[in-house]
file structure03.cif (mmCIF, C-alpha atoms)
data_final
loop_
_atom_site.label_atom_id
_atom_site.label_comp_id
_atom_site.auth_asym_id
_atom_site.auth_seq_id
_atom_site.Cartn_x
_atom_site.Cartn_y
_atom_site.Cartn_z
CA MET A 4 -5.59 -24.38 -33.12
CA THR A 5 -7.45 -22.74 -30.23
CA ASP A 6 -10.38 -20.54 -31.18
CA ASN A 7 -9.92 -17.19 -29.41
CA LYS A 8 -13.47 -16.03 -30.14
CA ASN A 9 -15.66 -15.18 -27.18
CA LYS A 10 -18.14 -17.93 -26.28
CA ILE A 11 -21.83 -17.04 -26.21
CA LEU A 12 -24.66 -19.31 -25.10
CA LEU A 13 -27.98 -18.64 -26.90
CA VAL A 14 -31.09 -19.79 -25.02
CA ASP A 15 -34.56 -19.79 -26.62
CA ASP A 16 -37.30 -22.40 -26.97
CA GLU A 17 -38.11 -21.16 -30.50
CA HIS A 18 -35.82 -22.62 -33.17
CA ALA A 19 -36.42 -19.67 -35.50
CA ASN A 20 -35.18 -17.26 -32.87
CA LEU A 21 -32.00 -19.28 -32.39
CA GLN A 22 -31.42 -19.26 -36.15
CA LEU A 23 -31.81 -15.47 -36.26
CA LEU A 24 -29.34 -14.98 -33.43
CA GLN A 25 -26.95 -17.35 -35.16
CA GLN A 26 -27.05 -15.33 -38.38
CA ILE A 27 -26.33 -12.08 -36.51
CA LEU A 28 -23.50 -13.34 -34.28
CA GLN A 29 -21.83 -16.38 -35.84
CA ASP A 30 -19.13 -14.46 -37.74
CA LYS A 31 -17.58 -12.94 -34.59
CA TYR A 32 -18.35 -15.39 -31.80
CA GLN A 33 -18.25 -19.05 -30.87
CA LEU A 34 -21.89 -20.01 -30.31
CA SER A 35 -23.62 -22.69 -28.24
CA TYR A 36 -27.36 -23.33 -28.09
CA ALA A 37 -29.99 -24.37 -25.57
CA ASN A 38 -33.77 -24.63 -26.06
CA SER A 39 -34.73 -24.62 -22.36
CA GLY A 40 -33.64 -23.15 -19.06
CA ILE A 41 -32.71 -26.56 -17.68
CA GLN A 42 -30.48 -27.29 -20.66
CA ALA A 43 -28.96 -23.80 -20.44
CA VAL A 44 -27.90 -24.36 -16.82
CA LYS A 45 -26.19 -27.65 -17.71
CA ILE A 46 -24.35 -26.20 -20.72
CA ALA A 47 -23.28 -23.09 -18.79
CA ASN A 48 -21.79 -25.26 -16.04
CA LYS A 49 -19.82 -27.23 -18.59
CA LEU A 50 -18.72 -24.59 -21.12
CA LYS A 51 -18.47 -21.44 -18.92
CA PRO A 52 -19.48 -19.05 -21.74
CA ASP A 53 -18.45 -15.39 -21.70
CA LEU A 54 -22.06 -14.23 -22.18
CA ILE A 55 -25.55 -15.75 -22.10
CA LEU A 56 -28.42 -14.40 -24.24
CA LEU A 57 -31.54 -15.63 -22.48
CA ASP A 58 -35.16 -15.69 -23.53
CA ILE A 59 -37.71 -15.16 -20.76
CA MET A 60 -40.91 -16.91 -21.85
CA MET A 61 -39.96 -20.60 -21.86
CA PRO A 62 -41.78 -23.69 -20.49
CA ASP A 63 -40.70 -25.55 -17.31
CA MET A 64 -38.13 -22.94 -16.25
CA ASP A 65 -38.56 -19.38 -17.51
CA GLY A 66 -35.69 -16.98 -18.08
CA TYR A 67 -35.99 -15.29 -14.70
CA GLU A 68 -35.73 -18.59 -12.82
CA THR A 69 -32.90 -19.71 -15.10
CA CYS A 70 -30.99 -16.54 -14.28
CA ARG A 71 -31.57 -17.04 -10.54
CA ASN A 72 -30.23 -20.57 -10.86
CA LEU A 73 -27.11 -19.39 -12.69
CA LYS A 74 -26.41 -16.61 -10.19
CA SER A 75 -26.80 -18.91 -7.19
CA ASN A 76 -24.08 -21.24 -8.49
CA PRO A 77 -20.51 -19.97 -7.84
CA ALA A 78 -19.36 -21.70 -11.03
CA THR A 79 -21.67 -19.60 -13.22
CA ALA A 80 -22.47 -16.58 -11.06
CA SER A 81 -19.98 -14.30 -12.82
CA ILE A 82 -21.29 -15.01 -16.33
CA PRO A 83 -23.22 -11.94 -17.58
CA VAL A 84 -26.81 -12.62 -18.67
CA MET A 85 -28.58 -10.48 -21.26
CA PHE A 86 -32.34 -10.96 -21.49
CA LEU A 87 -34.04 -11.08 -24.93
CA SER A 88 -37.81 -11.00 -24.68
CA ALA A 89 -41.06 -10.02 -26.32
CA LEU A 90 -42.08 -8.69 -22.92
CA GLY A 91 -41.60 -4.97 -23.13
CA GLU A 92 -43.13 -3.55 -19.98
CA GLU A 93 -41.00 -1.52 -17.60
CA GLU A 94 -41.63 -3.93 -14.72
CA ASP A 95 -40.44 -6.87 -16.88
CA GLU A 96 -37.16 -5.12 -17.55
CA THR A 97 -36.78 -4.05 -13.91
CA PHE A 98 -37.38 -7.60 -12.68
CA GLY A 99 -34.75 -8.84 -15.13
CA PHE A 100 -32.13 -6.62 -13.50
CA GLU A 101 -33.32 -7.64 -10.02
CA VAL A 102 -32.66 -11.34 -10.67
CA GLY A 103 -29.13 -10.60 -11.95
CA GLY A 104 -29.36 -9.64 -15.61
CA VAL A 105 -26.94 -7.05 -17.01
CA ASP A 106 -29.03 -5.92 -19.99
CA PHE A 107 -32.54 -6.27 -21.45
CA LEU A 108 -33.30 -6.20 -25.17
CA SER A 109 -36.85 -6.31 -26.50
CA LYS A 110 -37.89 -8.42 -29.46
CA PRO A 111 -38.04 -8.14 -32.39
CA ILE A 112 -34.23 -8.06 -32.40
CA LYS A 113 -32.46 -5.29 -34.30
CA PRO A 114 -29.16 -6.79 -35.50
CA LEU A 115 -26.94 -3.71 -35.17
CA ILE A 116 -28.23 -2.91 -31.70
CA LEU A 117 -27.77 -6.52 -30.59
CA GLN A 118 -24.20 -6.58 -31.91
CA ALA A 119 -23.40 -3.33 -30.11
CA ARG A 120 -24.91 -4.50 -26.82
CA VAL A 121 -23.11 -7.85 -27.01
CA HIS A 122 -19.80 -6.14 -27.74
CA THR A 123 -20.30 -3.79 -24.77
CA GLN A 124 -21.09 -6.60 -22.34
CA LEU A 125 -18.11 -8.65 -23.47
CA GLU A 126 -15.80 -5.66 -23.05
CA LEU A 127 -17.17 -5.05 -19.56
CA LYS A 128 -16.61 -8.71 -18.68
CA LYS A 129 -13.07 -8.55 -20.01
CA ASN A 130 -12.37 -5.51 -17.88
CA ARG A 131 -13.83 -7.21 -14.78
CA ASP A 132 -11.77 -10.32 -15.43
CA ASP A 133 -8.63 -8.21 -15.88
CA LEU A 134 -9.26 -6.45 -12.57
CA LEU A 135 -9.75 -9.77 -10.82
CA ARG A 136 -6.49 -11.09 -12.26
CA GLN A 137 -4.66 -7.92 -11.25
CA ASN A 138 -6.07 -8.22 -7.75
CA GLU A 139 -4.89 -11.83 -7.55
CA ILE A 140 -1.42 -10.76 -8.70
CA LEU A 141 -1.36 -7.98 -6.11
CA GLN A 142 -2.33 -10.42 -3.39
CA GLU A 143 0.41 -12.79 -4.54
CA ASN A 144 2.91 -9.92 -4.53
CA VAL A 145 1.87 -8.93 -1.01
CA LYS A 146 2.41 -12.51 0.15
CA LEU A 147 5.76 -12.65 -1.67
CA ARG A 148 6.82 -9.37 -0.09
CA GLU A 149 5.94 -10.64 3.36
CA ASP A 150 7.86 -13.87 2.72
CA ILE A 151 10.93 -11.98 1.49
CA ASP A 152 10.77 -9.61 4.45
CA ASN A 153 10.57 -12.51 6.87
CA ILE A 154 13.47 -14.33 5.20
CA THR A 155 15.58 -11.17 5.08
CA ARG A 156 14.89 -10.37 8.68
CA HIS A 157 15.83 -13.93 9.69
CA ASP A 158 19.02 -14.04 7.60
CA LEU A 159 20.22 -10.64 8.81
CA LYS A 160 19.51 -11.34 12.45
CA ALA A 161 21.86 -14.31 12.68
CA PRO A 162 25.14 -12.39 12.13
CA LEU A 163 23.84 -9.48 14.23
CA ILE A 164 23.40 -11.75 17.22
CA GLY A 165 27.11 -12.52 16.93
CA MET A 166 27.92 -8.79 16.77
CA ILE A 167 25.95 -8.33 19.97
CA ASN A 168 27.23 -11.33 21.93
CA ILE A 169 30.93 -11.42 20.95
CA PRO A 170 31.76 -7.93 22.31
CA LYS A 171 30.04 -8.92 25.56
CA LEU A 172 32.33 -11.96 25.84
CA ILE A 173 35.42 -9.87 25.08
CA MET A 174 34.46 -7.27 27.69
CA LYS A 175 34.58 -9.95 30.37
CA ASN A 176 38.37 -9.75 29.95
CA SER A 177 39.39 -7.41 32.75
CA GLY A 178 42.61 -6.48 30.94
CA LEU A 179 40.84 -4.21 28.46
CA GLU A 180 41.53 -0.53 28.51
CA GLU A 181 38.65 1.89 29.04
CA LYS A 182 38.86 3.09 25.42
CA GLN A 183 38.63 -0.49 24.17
CA GLN A 184 35.58 -1.13 26.32
CA ILE A 185 33.94 2.02 24.97
CA LEU A 186 34.54 0.84 21.40
CA LEU A 187 33.10 -2.61 22.13
CA LYS A 188 30.05 -1.05 23.75
CA SER A 189 29.67 1.13 20.67
CA ILE A 190 29.72 -1.96 18.44
CA THR A 191 27.08 -3.64 20.59
CA LYS A 192 24.92 -0.53 20.59
CA SER A 193 25.14 -0.19 16.80
CA ALA A 194 24.24 -3.87 16.39
CA TYR A 195 21.18 -3.39 18.58
CA ARG A 196 20.20 -0.37 16.47
CA MET A 197 20.53 -2.39 13.28
CA LEU A 198 18.52 -5.24 14.79
CA ASN A 199 15.76 -2.81 15.69
CA MET A 200 15.80 -1.32 12.19
CA ILE A 201 15.42 -4.79 10.68
CA ASN A 202 12.44 -5.38 12.94
CA LEU A 203 11.04 -2.01 11.83
CA SER A 204 11.31 -2.85 8.10
CA LEU A 205 8.16 -4.98 8.08
CA ASP A 206 6.48 -2.61 10.52
CA LEU A 207 6.70 0.20 7.95
CA TYR A 208 4.73 -1.93 5.52
CA LYS A 209 2.15 -2.59 8.24
CA MET A 210 1.88 1.17 8.78
CA GLU A 211 1.20 1.69 5.07
CA ILE A 212 -1.72 -0.73 5.06
CA GLY A 213 -3.00 0.42 8.47
CA VAL A 214 -2.48 -2.75 10.53
CA PHE A 215 0.47 -1.66 12.69
CA GLU A 216 -0.20 -2.07 16.42
CA TYR A 217 1.14 1.06 18.11
CA CYS A 218 1.65 1.35 21.86
CA SER A 219 2.86 4.62 23.39
CA MET A 220 5.09 4.98 26.42
CA PRO A 221 7.21 7.78 27.93
CA VAL A 222 10.26 8.43 25.77
CA ASN A 223 13.23 10.70 26.54
CA LEU A 224 14.26 12.20 23.21
CA ALA A 225 17.59 13.73 24.31
CA PRO A 226 19.71 10.55 24.20
CA ILE A 227 18.07 9.54 20.92
CA VAL A 228 19.01 12.86 19.33
CA TRP A 229 22.60 12.71 20.58
CA ASP A 230 23.05 9.10 19.51
CA ILE A 231 21.99 10.13 16.00
CA VAL A 232 24.35 13.12 16.06
CA GLU A 233 27.24 10.88 17.11
CA GLU A 234 26.42 8.38 14.36
CA ASN A 235 26.81 11.21 11.84
CA ARG A 236 29.81 12.86 13.52
CA SER A 237 32.19 12.16 10.62
CA LEU A 238 30.02 14.03 8.11
CA ILE A 239 29.39 16.83 10.62
CA ARG A 240 33.15 17.34 11.00
CA LEU A 241 33.74 17.08 7.27
CA LYS A 242 31.24 19.88 6.61
CA ASN A 243 32.30 21.83 9.70
CA LEU A 244 28.72 22.01 10.98
CA THR A 245 27.51 23.15 14.39
CA ILE A 246 24.68 21.27 16.08
CA ASN A 247 22.50 23.43 18.29
CA THR A 248 19.95 21.69 20.50
CA ASP A 249 17.19 23.11 22.65
CA PHE A 250 15.34 20.56 24.74
CA GLY A 251 13.16 23.05 26.58
CA ASP A 252 14.07 23.26 30.25
CA ASN A 253 16.98 20.83 29.86
CA PRO A 254 19.36 22.22 27.22
CA ASP A 255 22.37 20.22 28.45
CA LYS A 256 22.88 17.12 26.37
CA ASN A 257 23.61 15.08 29.49
CA ASP A 258 20.27 15.97 31.09
CA ASN A 259 16.96 14.35 30.34
CA ALA A 260 14.66 16.12 27.93
CA PRO A 261 10.97 16.19 28.85
CA ALA A 262 9.41 12.76 28.32
CA VAL A 263 6.99 12.56 25.41
CA SER A 264 4.52 9.81 24.55
CA GLY A 265 5.48 7.53 21.72
CA ASP A 266 7.63 4.57 20.72
CA GLU A 267 11.41 4.78 21.18
CA LEU A 268 12.30 2.84 18.03
CA LEU A 269 9.82 4.82 15.93
CA PHE A 270 11.22 8.09 17.29
CA TYR A 271 14.75 6.93 16.51
CA SER A 272 13.88 6.01 12.92
CA MET A 273 11.88 9.21 12.33
CA LEU A 274 14.57 11.52 13.75
CA SER A 275 17.48 9.58 12.27
CA ASN A 276 16.14 10.00 8.75
CA THR A 277 15.37 13.67 9.26
CA ILE A 278 18.57 14.71 11.06
CA LYS A 279 20.73 12.84 8.57
CA ASN A 280 18.90 14.56 5.70
CA ALA A 281 19.47 17.92 7.38
CA ILE A 282 23.21 17.23 7.74
CA GLU A 283 23.52 16.14 4.10
CA ALA A 284 21.48 19.09 2.79
CA SER A 285 23.16 21.77 4.90
CA PRO A 286 25.80 24.03 3.31
CA ASP A 287 29.26 23.79 4.88
CA ASP A 288 30.15 25.88 7.95
CA GLU A 289 26.52 26.33 8.98
CA MET A 290 24.40 25.41 12.00
CA ILE A 291 21.73 22.74 12.34
CA SER A 292 19.08 23.41 14.96
CA ILE A 293 17.14 20.68 16.78
CA ARG A 294 14.43 22.04 19.07
CA ILE A 295 11.77 20.33 21.18
CA GLU A 296 8.77 22.40 22.28
CA MET A 297 6.34 21.10 24.89
CA GLY A 298 2.77 22.37 25.07
CA ASN A 299 -0.64 20.98 24.23
CA ASP A 300 1.32 19.07 21.57
CA THR A 301 4.99 18.21 21.29
CA LYS A 302 6.74 19.93 18.40
CA ILE A 303 10.12 18.76 17.14
CA ARG A 304 11.80 21.27 14.83
CA ILE A 305 14.85 20.33 12.74
CA ARG A 306 16.31 23.17 10.71
CA ASN A 307 19.25 23.53 8.34
CA ARG A 308 20.34 26.36 6.06
CA GLY A 309 19.83 24.39 2.85
CA GLU A 310 16.80 24.92 0.62
CA VAL A 311 14.53 22.23 -0.79
CA PRO A 312 14.36 22.45 -4.61
CA LEU A 313 11.18 24.16 -5.76
CA GLU A 314 10.05 21.27 -7.95
CA ILE A 315 9.78 18.80 -5.06
CA ARG A 316 8.55 21.03 -2.23
CA ASP A 317 4.91 20.04 -2.62
CA ARG A 318 5.92 16.36 -2.75
CA PHE A 319 8.62 16.43 -0.07
CA PHE A 320 7.03 13.67 2.02
CA ASP A 321 5.82 11.58 -0.92
CA LYS A 322 7.24 8.13 -1.57
CA TYR A 323 10.32 7.91 -3.84
CA VAL A 324 10.69 11.69 -4.20
CA THR A 325 14.33 12.75 -4.25
CA LYS A 326 16.54 15.19 -6.15
CA GLY A 327 20.24 15.91 -6.36
CA LYS A 328 21.22 13.15 -3.94
CA ASP A 329 23.40 10.30 -5.16
CA GLY A 330 21.92 7.00 -4.06
CA GLY A 331 18.81 8.68 -2.65
CA THR A 332 15.71 6.49 -2.53
CA GLY A 333 13.14 9.10 -1.54
CA LEU A 334 12.06 6.89 1.36
CA GLY A 335 13.62 8.79 4.28
CA THR A 336 11.21 11.70 4.48
CA TYR A 337 8.32 9.46 3.44
CA SER A 338 8.95 6.99 6.28
CA ALA A 339 9.48 9.84 8.77
CA ALA A 340 6.07 11.33 7.90
CA LEU A 341 4.47 7.88 7.96
CA ILE A 342 5.87 7.21 11.44
CA ALA A 343 4.64 10.58 12.70
CA LYS A 344 1.17 9.76 11.36
CA THR A 345 1.29 6.32 13.00
CA MET A 346 2.00 7.98 16.36
CA GLY A 347 -1.05 10.21 15.86
CA GLY A 348 0.87 13.25 14.64
CA SER A 349 1.93 14.97 11.45
CA ALA A 350 4.93 16.31 9.56
CA CYS A 351 5.21 19.57 7.68
CA LEU A 352 7.88 21.49 5.78
CA ASN A 353 8.89 25.15 5.79
CA THR A 354 11.53 26.19 3.28
CA ALA A 355 12.67 29.52 1.81
CA ASP A 356 15.88 31.39 0.95
CA SER A 357 15.89 33.32 4.22
CA LEU A 358 14.78 30.40 6.40
CA GLY A 359 16.57 27.43 4.92
CA THR A 360 14.61 24.26 5.58
CA GLU A 361 12.67 23.35 8.69
CA VAL A 362 10.89 20.04 9.19
CA ILE A 363 8.33 20.14 12.00
CA PHE A 364 6.85 17.06 13.64
CA THR A 365 3.73 17.70 15.72
CA LEU A 366 2.81 14.87 18.08
CA PRO A 367 -0.03 14.61 20.59
CA ASN A 368 0.66 14.51 24.32
CA ARG A 369 -1.64 11.66 25.21
CA PRO A 370 -1.79 9.03 27.96
CA TYR A 371 0.59 6.13 27.51
CA SER A 372 -0.97 2.86 26.44
#

call {"tool": "encode", "arguments": {"input": "structure03.cif", "output": "structure tokens"}}
result
Amino acid sequence: MTDNKNKILLVDDEHANLQLLQQILQDKYQLSYANSGIQAVKIANKLKPDLILLDIMMPDMDGYETCRNLKSNPATASIPVMFLSALGEEEDETFGFEVGGVDFLSKPIKPLILQARVHTQLELKKNRDDLLRQNEILQENVKLREDIDNITRHDLKAPLIGMINIPKLIMKNSGLEEKQQILLKSITKSAYRMLNMINLSLDLYKMEIGVFEYCSMPVNLAPIVWDIVEENRSLIRLKNLTINTDFGDNPDKNDNAPAVSGDELLFYSMLSNTIKNAIEASPDDEMISIRIEMGNDTKIRIRNRGEVPLEIRDRFFDKYVTKGKDGGTGLGTYSAALIAKTMGGSACLNTADSLGTEVIFTLPNRPYS
């Protein structure tokens, strides 16, 4: 049967001192003994004790040098060392901490104080070990997540390539009607969108940990907005909603809106999540407003007549926050705000009975890179 007691190595060149320590600690701990620094280093390498109680004044290798030796060896560096010594000067204690000790107890030893100090150091070591194990698990989970993302992206891409290429082959048939060609182009376009979203899935994780490489370029937001509106046309009709757009000097949906700096795919994902949320949250027979304002910054305002529940207003852009939405993950607004931040901007929320809900993205007008 395995002994689950903590292992403590007692180091002292005086046999009487080792006997005293044994009497104080033997009931609770598994003890090992060394009568010199050299022997202590050898035993520590072999047994890997949870704590070392180390005398300072020993021949050949004193306690300070023994501690230095232990701390310089990766195999024993993490073992806490508590000094026990008749030396009681402040500089002795200070030097003990400088060479790597975690505690310093003056002789003669007081049993209750020793037991308390030993218990404290063992608890601290346990907590450190637990944190190290948790960190290792987190690192393994990160690697697993990356592997799963890569596999998922690969497995989903294969059928999408078919959805992209097959309509192209069919469209080479000159006998197709114009309506049929439009439908095939729509399929291809949707497949490209899905392919881009798969590519974005891992990018969102990179944004969270701050390693996403962002490059800005001029982006025309008008076609992005109208593509998103068309993708949600069925729900818009079902709720009898009106979509009102204002793209500054180019209000016509067929004209180009002013170019803004950013990434087209990131804009699509950010606006898709937000516009879809606005459509779903809007009461029937109301209007949804999408406005782009150009100035020192670009502001994109998306407003609907619905109201965000009071209990989630302060957490609207937090991860996994959702309410009253079947199948909602709480990731849509979170990812939209994260994307805005990645592009150097921000997202904010205005909501009230008289206003409804307005999400505002503020993005810098900066040189393209």

call {"tool": "residues_near_point", "arguments": {"input": "structure03.cif", "point": "(-32.0, -25.0, -23.6)", "cutoff": "12 Å", "atoms": "only C-alpha atoms", "output": "PyMOL selection string"}}
result
chain A and resi 12-18+21+35-47+55-59+61-66+69

call {"tool": "atom_distance", "arguments": {"input": "structure03.cif", "atom1": "CA of Phe319 in chain A", "atom2": "CA of Thr245 in chain A"}}
result
24.7 Å

call {"tool": "resolve_selection", "arguments": {"input": "structure03.cif", "expression": "the PyMOL selection byres ((chain A and resi 264) around 10)", "output": "list in words"}}
result
Cys218, Ser219, Met220, Pro221, Val222, Asn223, Ala262, Val263, Gly265, Asp266, Glu267, Thr301, Met346, Leu366, Pro367, Asn368, Arg369, Pro370, Tyr371 and Ser372 of chain A

call {"tool": "resolve_selection", "arguments": {"input": "structure03.cif", "expression": "the PyMOL selection byres ((chain A and resi 78-92) around 9)", "output": "PyMOL selection string"}}
result
chain A and resi 15+44+47-48+51-60+66-67+70+72-77+93-97+99+103-112+120-121+124-125+128

call {"tool": "atom_distance", "arguments": {"input": "structure03.cif", "atom1": "CA of Met210 in chain A", "atom2": "CA of Val145 in chain A"}}
result
14.1 Å

call {"tool": "atom_distance", "arguments": {"input": "structure03.cif", "atom1": "CA of Leu244 in chain A", "atom2": "CA of Asp300 in chain A"}}
result
29.5 Å

call {"tool": "closest_residue", "arguments": {"input": "structure03.cif", "among": "A:Leu186, A:Ile278, A:Leu34, A:Leu268", "to": "Ile231 in chain A", "atoms": "only C-alpha atoms"}}
result
A:Ile278

call {"tool": "resolve_selection", "arguments": {"input": "structure03.cif", "expression": "the PyMOL selection byres ((chain A and resi 361) around 6)", "output": "PyMOL selection string"}}
result
chain A and resi 305-306+352-353+360+362

call {"tool": "residues_around", "arguments": {"input": "structure03.cif", "residues": "Asp206 in chain A", "least_positions_apart": "5", "cutoff": "9 Å", "atoms": "all atoms listed in the file", "output": "list in words"}}
result
Glu211, Val214, Phe215 and Glu216 of chain A

call {"tool": "residues_near_point", "arguments": {"input": "structure03.cif", "point": "(13.3, 22.5, -3.3)", "cutoff": "10 Å", "atoms": "only C-alpha atoms", "output": "list in words"}}
result
Gly309, Glu310, Val311, Pro312, Leu313, Glu314, Ile315, Arg316, Asp317, Arg318, Phe319, Thr325, Lys326, Thr354, Ala355 and Thr360 of chain A

call {"tool": "residues_around", "arguments": {"input": "structure03.cif", "residues": "Leu274 in chain A", "least_positions_apart": "3", "cutoff": "12 Å", "atoms": "all atoms listed in the file", "output": "number ranges by chain"}}
result
A: 224-232, 267-271, 277-282, 293-295, 303-305, 335-336, 338-340, 342-343, 350, 362-364

call {"tool": "residues_around", "arguments": {"input": "structure03.cif", "residues": "Glu289 in chain A", "least_positions_apart": "2", "cutoff": "9 Å", "atoms": "all atoms listed in the file", "output": "list in words"}}
result
Lys242, Asn243, Leu244, Thr245, Ile246, Ser285, Pro286, Asp287, Ile291, Asn307 and Arg308 of chain A

call {"tool": "write_last_selection", "arguments": {"input": "structure03.cif", "atoms": "C-alpha atoms", "output": "PDB file, in the frame of the given file"}}
result
ATOM      1  CA  LYS A 242      31.240  19.880   6.610  1.00  0.00           C
ATOM      2  CA  ASN A 243      32.300  21.830   9.700  1.00  0.00           C
ATOM      3  CA  LEU A 244      28.720  22.010  10.980  1.00  0.00           C
ATOM      4  CA  THR A 245      27.510  23.150  14.390  1.00  0.00           C
ATOM      5  CA  ILE A 246      24.680  21.270  16.080  1.00  0.00           C
ATOM      6  CA  SER A 285      23.160  21.770   4.900  1.00  0.00           C
ATOM      7  CA  PRO A 286      25.800  24.030   3.310  1.00  0.00           C
ATOM      8  CA  ASP A 287      29.260  23.790   4.880  1.00  0.00           C
ATOM      9  CA  ILE A 291      21.730  22.740  12.340  1.00  0.00           C
ATOM     10  CA  ASN A 307      19.250  23.530   8.340  1.00  0.00           C
ATOM     11  CA  ARG A 308      20.340  26.360   6.060  1.00  0.00           C
TER      12      ARG A 308
END

call {"tool": "axis_aligned_box", "arguments": {"input": "structure03.cif", "around": "range 187-192 of chain A", "padding_each_side": "4 Å", "output": "lines of an AutoDock Vina configuration file"}}
result
center_x = 29.0
center_y = -1.3
center_z = 21.1
size_x = 16.2
size_y = 12.8
size_z = 13.3

call {"tool": "build_atoms", "arguments": {"input": "structure03.cif", "residues": "range 24-39 of chain A", "atoms": "N, CA and C atoms", "output": "mmCIF file, keeping the file's coordinate frame"}}
result
data_model
loop_
_atom_site.group_PDB
_atom_site.id
_atom_site.type_symbol
_atom_site.label_atom_id
_atom_site.label_comp_id
_atom_site.auth_asym_id
_atom_site.auth_seq_id
_atom_site.Cartn_x
_atom_site.Cartn_y
_atom_site.Cartn_z
ATOM 1 N N LEU A 24 -30.500 -15.371 -34.240
ATOM 2 C CA LEU A 24 -29.340 -14.980 -33.430
ATOM 3 C C LEU A 24 -28.049 -15.529 -34.024
ATOM 4 N N GLN A 25 -28.115 -16.738 -34.523
ATOM 5 C CA GLN A 25 -26.950 -17.350 -35.160
ATOM 6 C C GLN A 25 -26.475 -16.526 -36.359
ATOM 7 N N GLN A 26 -27.409 -16.103 -37.194
ATOM 8 C CA GLN A 26 -27.050 -15.330 -38.380
ATOM 9 C C GLN A 26 -26.392 -13.997 -37.997
ATOM 10 N N ILE A 27 -26.851 -13.389 -36.915
ATOM 11 C CA ILE A 27 -26.330 -12.080 -36.510
ATOM 12 C C ILE A 27 -24.942 -12.185 -35.875
ATOM 13 N N LEU A 28 -24.679 -13.282 -35.149
ATOM 14 C CA LEU A 28 -23.500 -13.340 -34.280
ATOM 15 C C LEU A 28 -22.418 -14.348 -34.698
ATOM 16 N N GLN A 29 -22.739 -15.261 -35.606
ATOM 17 C CA GLN A 29 -21.830 -16.380 -35.840
ATOM 18 C C GLN A 29 -20.479 -15.975 -36.437
ATOM 19 N N ASP A 30 -20.400 -14.845 -37.129
ATOM 20 C CA ASP A 30 -19.130 -14.460 -37.740
ATOM 21 C C ASP A 30 -18.081 -14.024 -36.713
ATOM 22 N N LYS A 31 -18.528 -13.496 -35.572
ATOM 23 C CA LYS A 31 -17.580 -12.940 -34.590
ATOM 24 C C LYS A 31 -17.411 -13.798 -33.337
ATOM 25 N N TYR A 32 -18.374 -14.698 -33.082
ATOM 26 C CA TYR A 32 -18.350 -15.390 -31.800
ATOM 27 C C TYR A 32 -18.511 -16.889 -31.953
ATOM 28 N N GLN A 33 -18.063 -17.604 -30.922
ATOM 29 C CA GLN A 33 -18.250 -19.050 -30.870
ATOM 30 C C GLN A 33 -19.568 -19.318 -30.131
ATOM 31 N N LEU A 34 -20.539 -19.915 -30.833
ATOM 32 C CA LEU A 34 -21.890 -20.010 -30.310
ATOM 33 C C LEU A 34 -22.227 -21.413 -29.817
ATOM 34 N N SER A 35 -23.010 -21.452 -28.732
ATOM 35 C CA SER A 35 -23.620 -22.690 -28.240
ATOM 36 C C SER A 35 -25.111 -22.425 -28.092
ATOM 37 N N TYR A 36 -25.916 -23.520 -28.049
ATOM 38 C CA TYR A 36 -27.360 -23.330 -28.090
ATOM 39 C C TYR A 36 -28.044 -24.180 -27.016
ATOM 40 N N ALA A 37 -29.133 -23.630 -26.489
ATOM 41 C CA ALA A 37 -29.990 -24.370 -25.570
ATOM 42 C C ALA A 37 -31.424 -23.961 -25.828
ATOM 43 N N ASN A 38 -32.361 -24.946 -25.782
ATOM 44 C CA ASN A 38 -33.770 -24.630 -26.060
ATOM 45 C C ASN A 38 -34.630 -24.661 -24.807
ATOM 46 N N SER A 39 -33.981 -24.677 -23.625
ATOM 47 C CA SER A 39 -34.730 -24.620 -22.360
ATOM 48 C C SER A 39 -33.812 -24.094 -21.271
#
